[in-house]
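Participant: Dropping a structure here in structure tokens format, bear with me for questions.
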Amino acid sequence: MTSQAPTPAARPTRRGAPDAAASGERWLGLAFAAPVIVLMAALVFVPLVLTLWDSLHRIDPMRAGTPFIGLRHYVDLMADSNVRQAWLNTAAYVAIAVVFETVGGLGAALLLNRIRIGRRWLLAATILPWALPPVVNAIVWMWIYNPSYGLLDGALLRFGVIAAPHVWFNDRSTALVLVALVHVWRMMPLTAVILLAALQGIPAELYEAARLDGAGPIRCFRKITLPLISGALAIALSQSTVFAFNLFDEAWILAGSSLDTRTIVAQVYMAAFQNLHFSYGMALSVLVMLASCLVSLVYVLRVYRETSLG
Amino acid sequence: MRSTVPGRIGLALATAVLLAWSLAPVYWAVATSLTAPTDWTSVPR
């Protein structure tokens, strides 16, 4: 046998028309994506690069010129004790917010998914704190924590937990927890809604089959619910981390510029707009962005690895 | 799925806790805003 299959090079083809069609589709795709690319570039990437560039200069309205100083701001930030304290506070806020928002949001979502009567009313009540502007939320809680007229002291006095009105923001650890609690109260509904959407996408047949096989509620939760909502859980974890990193309004209104409760974003605000060290504030904001992205990336990559079919 | 009596009580309790967590601060803020400032500190005779 000497006959061979014709090689692609030997086969007569008319490649002109398909190539033109593919090229046309490519350009059409680019044309559709262009508005998003332009918007993202104008609103995200260009300001980001400008901030990064400016953080390498000394921009101070009280001093003449804007000389290039390289990484000096970043080196100074490492030695700044206020920045270190603000990082520690922010880490505490992130830890408290992520844990309580996730656990509470998951509990609320499971409850909302389970009940049949009055579900929409309970959902509306659950979402209400999220609908409040952060400033309103902080002012409401500022009065709740008030030692003279506040609900918290009033309730604790009535039940005999404390003997006299307590000024909660005098103690650093209590102040941190109370500020974080305000943030958790406002943001937990978002986690609950994200997880509720994922729970409602799980087919009921899976639970029925598992029950027929003898699985109890806890085993069903571990083997069916958790794996099937892991993607939504990653999104919820990412958003709660990012929002806790960006915590500003509640901490600022409840405790002002107190170093005990100062967040890293409040530190950026104070550096840039109160002390007028613009480029120093920009350098700090670059670090905040990197830290926030890194922490979120951990969740996203972990869940992507677990859910990827490849 | 049929709920047992303890399950129903648990659901009702969880619903009450969620409602209290979400609505109590808002209710207290609204109720306080409708109270005259002099009444906050007044002692009933």
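Letters for chains follow the order of the structure tokens (A, B, ...), residue numbers begin at 1 for each chain, and ligand numbers begin at 1 in the order shown.
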Show which residues sit within 6 Å of region 163-180 of chain A, as a PyMOL selection string. Count only C-alpha atoms, and ignore same-chain residues fewer than 6 positions away.

Facilitator: chain A and resi 93+147+153+251+260-261

Participant: Residues near Ala197 (chain A), anyone? I mean within 12 Å using only C-alpha atoms, not counting same-chain ones fewer than 2 positions away, as a list in words.

Facilitator: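 Listing them by chain and then by number gives Gly105, Leu106, Ala109, Leu110, Leu112, Asn113, Leu190, Thr191, Ala192, Val193, Ile194, Leu195, Leu199, Gln200, Gly201, Ile202, Leu228, Ile229, Gly231, Ala232, Leu233, Ile235 and Ala236 of chain A.
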
Participant: Please produce a file of the residues just selected, as a compact mmCIF listing (two decimals), in the first residue's frame, where the atoms kept are N, CA, C and O atoms.

Facilitator:
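The new file result.txt reads:
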```
# COMPACT_ATOMS: atom_id res chain seq x y z
N GLY A 105 -24.72 35.22 58.50
CA GLY A 105 -25.36 35.26 57.17
C GLY A 105 -25.77 33.87 56.72
O GLY A 105 -26.86 33.69 56.14
N LEU A 106 -24.92 32.87 57.00
CA LEU A 106 -25.26 31.50 56.63
C LEU A 106 -26.48 31.02 57.43
O LEU A 106 -27.40 30.40 56.88
N ALA A 109 -29.53 32.75 56.07
CA ALA A 109 -29.89 32.21 54.76
C ALA A 109 -30.56 30.83 54.89
O ALA A 109 -31.56 30.54 54.21
N LEU A 110 -30.01 29.99 55.77
CA LEU A 110 -30.61 28.65 56.00
C LEU A 110 -32.02 28.80 56.54
O LEU A 110 -32.94 28.07 56.13
N LEU A 112 -34.04 31.44 56.19
CA LEU A 112 -34.92 32.00 55.14
C LEU A 112 -35.26 30.94 54.09
O LEU A 112 -36.34 30.95 53.52
N ASN A 113 -34.31 30.05 53.84
CA ASN A 113 -34.54 28.99 52.86
C ASN A 113 -35.50 27.93 53.38
O ASN A 113 -36.17 27.26 52.61
N LEU A 190 -26.16 41.27 53.35
CA LEU A 190 -25.62 41.03 52.01
C LEU A 190 -25.12 39.59 51.90
O LEU A 190 -25.40 38.88 50.92
N THR A 191 -24.40 39.15 52.92
CA THR A 191 -23.93 37.75 52.94
C THR A 191 -25.12 36.79 52.91
O THR A 191 -25.11 35.79 52.18
N ALA A 192 -26.14 37.12 53.71
CA ALA A 192 -27.32 36.25 53.76
C ALA A 192 -28.00 36.15 52.40
O ALA A 192 -28.40 35.05 51.97
N VAL A 193 -28.11 37.27 51.69
CA VAL A 193 -28.79 37.26 50.38
C VAL A 193 -27.97 36.46 49.36
O VAL A 193 -28.52 35.67 48.58
N ILE A 194 -26.64 36.64 49.37
CA ILE A 194 -25.78 35.90 48.44
C ILE A 194 -25.92 34.39 48.68
O ILE A 194 -26.09 33.60 47.75
N LEU A 195 -25.88 34.00 49.95
CA LEU A 195 -25.95 32.56 50.28
C LEU A 195 -27.36 32.01 50.05
O LEU A 195 -27.51 30.86 49.64
N LEU A 199 -28.43 28.77 47.95
CA LEU A 199 -29.20 27.68 48.56
C LEU A 199 -30.43 27.35 47.73
O LEU A 199 -30.83 26.19 47.61
N GLN A 200 -31.04 28.38 47.15
CA GLN A 200 -32.26 28.14 46.37
C GLN A 200 -31.96 27.46 45.04
O GLN A 200 -32.88 26.98 44.37
N GLY A 201 -30.70 27.41 44.66
CA GLY A 201 -30.33 26.73 43.41
C GLY A 201 -30.03 25.25 43.61
O GLY A 201 -29.76 24.54 42.63
N ILE A 202 -30.05 24.77 44.84
CA ILE A 202 -29.75 23.35 45.09
C ILE A 202 -31.02 22.53 44.88
O ILE A 202 -32.05 22.81 45.50
N LEU A 228 -22.06 22.75 47.50
CA LEU A 228 -22.79 23.40 46.41
C LEU A 228 -22.91 24.92 46.59
O LEU A 228 -23.30 25.61 45.66
N ILE A 229 -22.63 25.41 47.79
CA ILE A 229 -22.66 26.87 47.94
C ILE A 229 -21.24 27.43 48.09
O ILE A 229 -21.07 28.60 48.46
N GLY A 231 -19.00 28.31 45.96
CA GLY A 231 -18.73 29.46 45.10
C GLY A 231 -19.31 30.74 45.68
O GLY A 231 -18.64 31.77 45.76
N ALA A 232 -20.58 30.64 46.11
CA ALA A 232 -21.23 31.81 46.71
C ALA A 232 -20.55 32.19 48.02
O ALA A 232 -20.44 33.37 48.35
N LEU A 233 -20.10 31.17 48.74
CA LEU A 233 -19.41 31.43 50.02
C LEU A 233 -18.12 32.21 49.76
O LEU A 233 -17.78 33.12 50.54
N ILE A 235 -17.57 34.27 47.29
CA ILE A 235 -17.96 35.65 46.96
C ILE A 235 -18.32 36.40 48.24
O ILE A 235 -17.91 37.54 48.45
N ALA A 236 -19.08 35.73 49.12
CA ALA A 236 -19.49 36.37 50.37
C ALA A 236 -18.26 36.69 51.23
O ALA A 236 -18.17 37.78 51.81
```

Participant: Please indicate the distance in Å from CA of Val295 (chain A) to CA of Ala91 (chain A), rounded to one decimal place.

Facilitator: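 Calculated distance between CA of Val295 (chain A) and CA of Ala91 (chain A) is 11.1 Å.
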
Participant: May I ask which of the residues B:Ala29, B:Ala20, B:Leu13, B:Val5 is the closest one to chain A, counting only C-alpha atoms?

Facilitator: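 Residue with the minimum atom-to-atom distance to chain A: B:Ala29.
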
Participant: What residues in chain B have any atom no more than 8 Å from chain A when counting only C-alpha atoms, and can you write them as a list in words?

Facilitator: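 Here is what falls inside 8 Å: Leu11, Ala14, Thr15, Leu18, Leu19, Trp21, Ser22, Leu23, Pro25, Val26, Trp28, Ala29, Trp40 and Thr41 of chain B.
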
Participant: Env of Trp53 (chain A): 10 Å cut, atoms = only C-alpha atoms, seq-sep filter 6 positions within chain, self excluded. Answer as a short mmCIF file (atom, residue, chain, number, x, y, z; two decimals) with N, CA and C atoms, in the first residue's frame.

Facilitator:
```cif
data_model
loop_
_atom_site.label_atom_id
_atom_site.label_comp_id
_atom_site.auth_asym_id
_atom_site.auth_seq_id
_atom_site.Cartn_x
_atom_site.Cartn_y
_atom_site.Cartn_z
N PRO A 47 -6.42 55.97 37.18
CA PRO A 47 -6.23 56.51 38.53
C PRO A 47 -5.28 55.67 39.38
N PHE A 68 10.96 63.45 42.83
CA PHE A 68 10.87 61.98 42.87
C PHE A 68 11.65 61.49 44.09
N GLY A 70 11.29 58.04 45.15
CA GLY A 70 11.35 56.57 45.12
C GLY A 70 10.44 55.94 46.16
N SER A 279 0.96 62.45 49.03
CA SER A 279 1.63 61.29 48.45
C SER A 279 1.86 60.19 49.50
N MET A 282 -1.28 58.44 49.59
CA MET A 282 -1.42 57.61 48.38
C MET A 282 -0.62 56.31 48.52
N ALA A 283 0.58 56.42 49.07
CA ALA A 283 1.40 55.21 49.27
C ALA A 283 0.67 54.24 50.20
#
```

Participant: Can you pull out every residue from chain B that DSSP, working from the backbone, puts in helix (DSSP H, G or I), and format the result as a ChimeraX atom specification?

Facilitator: /B:5-33,37-41

Participant: Mind checking which residues fall within 8 Å of Leu259 (chain A), counting only C-alpha atoms, ignoring those fewer than 2 positions away in the same chain, and posting them as a ChimeraX atom specification?

Facilitator: /A:82,85-86,257,261-262

Participant: For the selection just defined, write its residues with N, CA, C and O atoms to a file, as a PDB file, in the first residue's frame.

Facilitator:
```
ATOM      1  N   ASN A  82       1.621  54.774  64.186  1.00  0.00           N
ATOM      2  CA  ASN A  82       0.170  54.969  63.997  1.00  0.00           C
ATOM      3  C   ASN A  82      -0.361  54.053  62.893  1.00  0.00           C
ATOM      4  O   ASN A  82      -1.449  53.487  63.012  1.00  0.00           O
ATOM      5  N   GLN A  85      -0.581  50.550  64.219  1.00  0.00           N
ATOM      6  CA  GLN A  85      -1.768  50.380  65.075  1.00  0.00           C
ATOM      7  C   GLN A  85      -3.038  50.295  64.217  1.00  0.00           C
ATOM      8  O   GLN A  85      -3.927  49.476  64.469  1.00  0.00           O
ATOM      9  N   ALA A  86      -3.098  51.134  63.173  1.00  0.00           N
ATOM     10  CA  ALA A  86      -4.277  51.112  62.290  1.00  0.00           C
ATOM     11  C   ALA A  86      -4.380  49.771  61.554  1.00  0.00           C
ATOM     12  O   ALA A  86      -5.479  49.236  61.363  1.00  0.00           O
ATOM     13  N   SER A 257     -11.151  60.147  65.562  1.00  0.00           N
ATOM     14  CA  SER A 257      -9.815  59.766  65.101  1.00  0.00           C
ATOM     15  C   SER A 257      -9.047  58.976  66.174  1.00  0.00           C
ATOM     16  O   SER A 257      -7.830  58.833  66.059  1.00  0.00           O
ATOM     17  N   THR A 261      -9.404  52.808  67.778  1.00  0.00           N
ATOM     18  CA  THR A 261     -10.349  52.215  66.823  1.00  0.00           C
ATOM     19  C   THR A 261     -10.062  52.656  65.387  1.00  0.00           C
ATOM     20  O   THR A 261     -10.848  52.329  64.494  1.00  0.00           O
ATOM     21  N   ARG A 262      -8.969  53.354  65.172  1.00  0.00           N
ATOM     22  CA  ARG A 262      -8.712  53.928  63.838  1.00  0.00           C
ATOM     23  C   ARG A 262      -8.459  52.829  62.813  1.00  0.00           C
ATOM     24  O   ARG A 262      -7.628  51.938  63.028  1.00  0.00           O
TER      25      ARG A 262
END
```

Participant: Near Ser296 (chain A), counting only C-alpha atoms, which residues have an atom at most 12 Å away, once you skip same-chain residues fewer than 2 positions from it, shown as a ChimeraX atom specification?

Facilitator: /A:94,98,234-245,289-294,298-303

Participant: Excluding region 58-60 of chain A and its own-chain neighbours fewer than 6 positions away, which residues fall within 8 Å of it when counting only C-alpha atoms? Please give them as a list in words.

Facilitator: Thr66, Pro67, Phe68, Ile69, Leu276, His277, Phe278, Ser279 and Tyr280 of chain A
